[in-house]
Amino acid sequence: MTEVFKGNFTQQETIPDDAIAAAVRVMESGRLHRYNVAEGETSEAALLETEFAAAMGSKYCLAVASGGYALAVAMRAVGVVAGDRVLTNAFTLAPVPGAIASLGAIPVFVGVTEGLVIDLDDLATKLDQADVLLLSHMRGHICDMDRLMEMCDAANVIVIEDCAHTMGAKWRDTYSGRFGKMACYSTQTYKHLNSGEGGLIISDDEAAMARAVMMSGSYMLFDRHDAAPDVAAFADIKYDTPNISGRMDNLRAAILRPQLRKLADQCAAWNTRYVIVEEGLSDLTGLTIIERPVDEGFVASSFQFLLLDWDDADIQKVVRGCADRGVELKWFGGAEPAGFTSRYDSWRYVDAPQMPASDRVLKGILDLRLPLTFCAEDCRVIARIIRDEVARTYQQASRGS
Ligand SMILES: *Cc1c(COP(=O)(O)O)cnc(C)c1O
């Protein structure tokens, strides 16, 4: 009998009871806007900023409307303007080049390795083309951050980290997001904290963070941010920094604060699931497991593997075979962007030269979510089904050739 999986790959956990209670309290108060506070009250948004900065070990934090907004504001805050070129990953998701384009800036894509991280050798050849690298830790894969920072520092390239998939992850003993000048997070439903929509920016840089607070739409109420630079840092910039409203509201912040307290446990729970799938797919001819560097303290809320150098038709067979048995694989290499997947050459507003070595990797990437609503047995079933479909398709393909 063929095994079929019945779980739902897009079903996240419910919002915890204490977060629901906190949200209800905000609604009962009617004070949903972050600057609408009662006498002596600190807003939920300001509390979230203080707590997130403390959790990551940063001086400053700003809560905003979305992860994509965070990226755009961070780039503006470090000085990116229209017409500038910004280095970024060829393997990432649409909001990353989109944030660059939203400024009228121009993405310059850097290749991807078989470890699914930015290709530092390719980066080395492109560092003279831009002043900023928007580094996407795509799907939680973290490159050699020591080497990357050394290269960027030497070339005077400012690093902004896109930590949409690495909230809670580390490179050696340092949190992802603590290497660059600024780091951005998303609290959209499919990320590590869930407020539907939302974003966070952290930094130790006083001037950049003051500009970010102004831009987020602070209406000169920057003194109501406890995790922002001192008011003196705003003395000059308040006159020449545009307001590009994108604040977070107290309702979302209230939902996020209790979730943040559980982040470490959630990260451990994702990794338990990851390891089960990884073991279930190990030692299978034709399928490449992504090697994780020992220095990478990863948080794997999704799983990737490679079908390197497979024919398109055979990869499609695996995707279809798995789908028929309830396992949703996203194929990053698909010619048409579908769902959350996309490839640098599907963003046609960028005039990007082909990158054959990256194309080979991108063409082979398969991706699946591991929501915490899946139990250990679910993960074993998923791995068995993938294993089965990959093995069968591989055998048929080699017999046919
Ligand atoms: C989700 C995501 C973003 C943007 O976050 P939104 O909150 O959806 O705007 C940015 N980068 C990556 C890699 C993402 O996955």
# chains A, B, ... in the order shown; residues from 1 in each chain; ligands from 1
>>> residues_around(residues="region 222-225 of chain A", least_positions_apart="5", cutoff="9 Å", atoms="only C-alpha atoms", output="list in words")
Arg34, Tyr35, Thr42, Ser43, Ala45, Ala46, Leu47, Glu49, Thr50, Cys61, Leu62, Ala210, Val213, Met214, Asp230, Val231 and Phe234 of chain A
>>> residues_near_ligand(ligand="ligand 1", cutoff="7 Å", atoms="only C-alpha atoms and all ligand atoms", output="ChimeraX atom specification")
/A:66-69,92-93,95-96,136-139,162,164-165,186-188,191,197-199
>>> write_last_selection(atoms="all heavy atoms", output="short mmCIF file (atom, residue, chain, number, x, y, z; two decimals), in the first residue's frame")
data_model
loop_
_atom_site.label_atom_id
_atom_site.label_comp_id
_atom_site.auth_asym_id
_atom_site.auth_seq_id
_atom_site.Cartn_x
_atom_site.Cartn_y
_atom_site.Cartn_z
N SER A 66 6.29 45.44 8.18
CA SER A 66 6.57 44.17 7.50
C SER A 66 8.07 43.97 7.36
O SER A 66 8.85 44.92 7.53
CB SER A 66 5.93 44.13 6.11
OG SER A 66 6.67 44.91 5.19
N GLY A 67 8.45 42.76 7.01
CA GLY A 67 9.87 42.46 6.78
C GLY A 67 10.40 43.20 5.56
O GLY A 67 11.52 43.72 5.57
N GLY A 68 9.60 43.25 4.52
CA GLY A 68 10.01 43.96 3.31
C GLY A 68 10.21 45.44 3.57
O GLY A 68 11.16 46.05 3.08
N TYR A 69 9.32 46.01 4.37
CA TYR A 69 9.45 47.42 4.75
C TYR A 69 10.74 47.62 5.55
O TYR A 69 11.48 48.61 5.33
CB TYR A 69 8.24 47.86 5.58
CG TYR A 69 8.30 49.29 6.02
CD1 TYR A 69 7.81 50.32 5.22
CD2 TYR A 69 8.89 49.64 7.24
CE1 TYR A 69 7.90 51.64 5.62
CE2 TYR A 69 8.99 50.95 7.65
CZ TYR A 69 8.49 51.95 6.84
OH TYR A 69 8.59 53.26 7.23
N THR A 92 17.17 33.92 -3.24
CA THR A 92 16.42 34.56 -2.17
C THR A 92 14.97 34.63 -2.61
O THR A 92 14.59 34.00 -3.59
CB THR A 92 17.00 35.94 -1.79
OG1 THR A 92 16.32 36.43 -0.65
CG2 THR A 92 16.86 36.95 -2.94
N LEU A 93 14.17 35.39 -1.87
CA LEU A 93 12.76 35.51 -2.23
C LEU A 93 12.48 36.90 -2.78
O LEU A 93 13.21 37.87 -2.51
CB LEU A 93 11.88 35.20 -1.03
CG LEU A 93 11.84 33.72 -0.65
CD1 LEU A 93 11.06 33.51 0.64
CD2 LEU A 93 11.23 32.87 -1.76
N PRO A 95 10.69 39.53 -2.09
CA PRO A 95 10.72 40.81 -1.37
C PRO A 95 12.11 41.42 -1.21
O PRO A 95 12.22 42.61 -0.91
CB PRO A 95 10.11 40.48 0.01
CG PRO A 95 10.07 39.01 0.11
CD PRO A 95 10.07 38.46 -1.28
N VAL A 96 13.16 40.62 -1.42
CA VAL A 96 14.52 41.14 -1.23
C VAL A 96 14.93 42.03 -2.40
O VAL A 96 15.18 43.23 -2.20
CB VAL A 96 15.51 39.99 -0.92
CG1 VAL A 96 16.92 40.53 -0.78
CG2 VAL A 96 15.07 39.24 0.33
N SER A 136 20.93 37.94 2.36
CA SER A 136 19.76 37.16 2.72
C SER A 136 20.21 35.79 3.22
O SER A 136 20.81 35.02 2.47
CB SER A 136 18.87 37.01 1.48
OG SER A 136 17.72 36.29 1.77
N HIS A 137 19.92 35.51 4.50
CA HIS A 137 20.24 34.17 5.03
C HIS A 137 19.11 33.24 4.59
O HIS A 137 18.32 32.76 5.40
CB HIS A 137 20.36 34.19 6.54
CG HIS A 137 21.38 35.15 7.07
ND1 HIS A 137 22.73 34.98 6.85
CD2 HIS A 137 21.26 36.27 7.82
CE1 HIS A 137 23.39 35.97 7.45
NE2 HIS A 137 22.53 36.77 8.03
N MET A 138 19.07 33.02 3.31
CA MET A 138 17.92 32.37 2.69
C MET A 138 17.69 30.96 3.24
O MET A 138 18.62 30.17 3.32
CB MET A 138 18.16 32.34 1.19
CG MET A 138 17.09 31.66 0.39
SD MET A 138 15.48 32.46 0.56
CE MET A 138 14.55 31.46 -0.61
N ARG A 139 16.45 30.70 3.62
CA ARG A 139 16.04 29.40 4.16
C ARG A 139 16.91 28.97 5.35
O ARG A 139 17.10 27.79 5.60
CB ARG A 139 16.04 28.32 3.08
CG ARG A 139 14.86 28.45 2.11
CD ARG A 139 13.55 28.21 2.83
NE ARG A 139 12.40 28.14 1.96
CZ ARG A 139 11.50 29.13 1.81
NH1 ARG A 139 11.64 30.27 2.44
NH2 ARG A 139 10.44 28.95 1.04
N ASP A 162 19.37 40.17 6.13
CA ASP A 162 17.96 39.80 6.03
C ASP A 162 17.81 38.49 6.82
O ASP A 162 18.16 37.42 6.33
CB ASP A 162 17.57 39.61 4.57
CG ASP A 162 16.21 38.94 4.41
OD1 ASP A 162 15.45 38.89 5.40
OD2 ASP A 162 15.92 38.45 3.30
N ALA A 164 15.04 37.08 7.88
CA ALA A 164 13.66 36.58 7.85
C ALA A 164 13.59 35.09 8.19
O ALA A 164 12.60 34.62 8.74
CB ALA A 164 13.04 36.83 6.47
N HIS A 165 14.69 34.35 7.87
CA HIS A 165 14.68 32.90 8.15
C HIS A 165 15.70 32.51 9.22
O HIS A 165 15.94 31.32 9.41
CB HIS A 165 15.00 32.11 6.87
CG HIS A 165 14.07 32.40 5.74
ND1 HIS A 165 14.34 32.08 4.43
CD2 HIS A 165 12.85 33.00 5.71
CE1 HIS A 165 13.33 32.46 3.65
NE2 HIS A 165 12.43 33.04 4.40
N SER A 186 11.19 39.40 9.83
CA SER A 186 9.78 39.45 9.47
C SER A 186 9.00 38.68 10.54
O SER A 186 9.47 37.65 11.03
CB SER A 186 9.57 38.80 8.11
OG SER A 186 8.19 38.59 7.88
N THR A 187 7.82 39.18 10.89
CA THR A 187 6.95 38.43 11.81
C THR A 187 5.66 38.04 11.09
O THR A 187 4.61 37.91 11.69
CB THR A 187 6.65 39.23 13.09
OG1 THR A 187 5.93 40.43 12.73
CG2 THR A 187 7.92 39.61 13.82
N GLN A 188 5.81 37.90 9.79
CA GLN A 188 4.73 37.43 8.95
C GLN A 188 4.43 35.97 9.33
O GLN A 188 5.30 35.27 9.85
CB GLN A 188 5.25 37.61 7.52
CG GLN A 188 4.32 37.37 6.43
CD GLN A 188 4.91 36.29 5.57
OE1 GLN A 188 4.84 35.14 5.96
NE2 GLN A 188 5.51 36.66 4.45
N LYS A 191 7.01 32.96 9.32
CA LYS A 191 8.36 33.13 9.85
C LYS A 191 8.42 32.61 11.30
O LYS A 191 7.55 31.89 11.73
CB LYS A 191 8.78 34.59 9.73
CG LYS A 191 8.51 35.19 8.35
CD LYS A 191 9.27 34.47 7.22
CE LYS A 191 8.71 34.82 5.85
NZ LYS A 191 9.29 35.99 5.25
N GLU A 197 1.37 40.05 9.87
CA GLU A 197 2.36 40.88 9.18
C GLU A 197 3.19 41.56 10.26
O GLU A 197 2.72 41.74 11.39
CB GLU A 197 1.69 41.96 8.33
CG GLU A 197 0.73 41.47 7.26
CD GLU A 197 1.43 40.84 6.06
OE1 GLU A 197 2.67 40.87 5.99
OE2 GLU A 197 0.71 40.31 5.20
N GLY A 198 4.38 41.98 9.91
CA GLY A 198 5.20 42.71 10.87
C GLY A 198 6.68 42.57 10.57
O GLY A 198 7.08 41.66 9.84
N GLY A 199 7.46 43.50 11.09
CA GLY A 199 8.90 43.44 10.88
C GLY A 199 9.64 44.07 12.05
O GLY A 199 9.06 44.83 12.83
#
>>> residues_around(residues="region 281-283 of chain A", least_positions_apart="2", cutoff="12 Å", atoms="only C-alpha atoms", output="number ranges by chain")
A: 274-279, 285-291, 303-306, 379-391
>>> closest_residue(among="A:Glu161, A:Glu206, A:Asp121, A:Asp18", to="Met75 (chain A)", atoms="only C-alpha atoms")
A:Glu161
>>> select_by_dssp(residues="region 187-363 of chain A", states="strand (DSSP E)", output="JSON, numbers by chain")
{"A": [199, 200, 201, 202, 203, 288, 289, 296, 297, 302, 303, 304, 305, 306, 330, 331]}
>>> closest_residue(among="A:Gly280, A:Gly297, A:Gly111, A:Gly57", to="Asn89 (chain A)", atoms="only C-alpha atoms")
A:Gly111
>>> atom_distance(atom1="CA of Met149 (chain A)", atom2="CA of Pro293 (chain A)")
16.9 Å
>>> closest_residue(among="A:Arg292, A:Arg369, A:Lys363, A:Lys317", to="Ala335 (chain A)", atoms="only C-alpha atoms")
A:Lys363
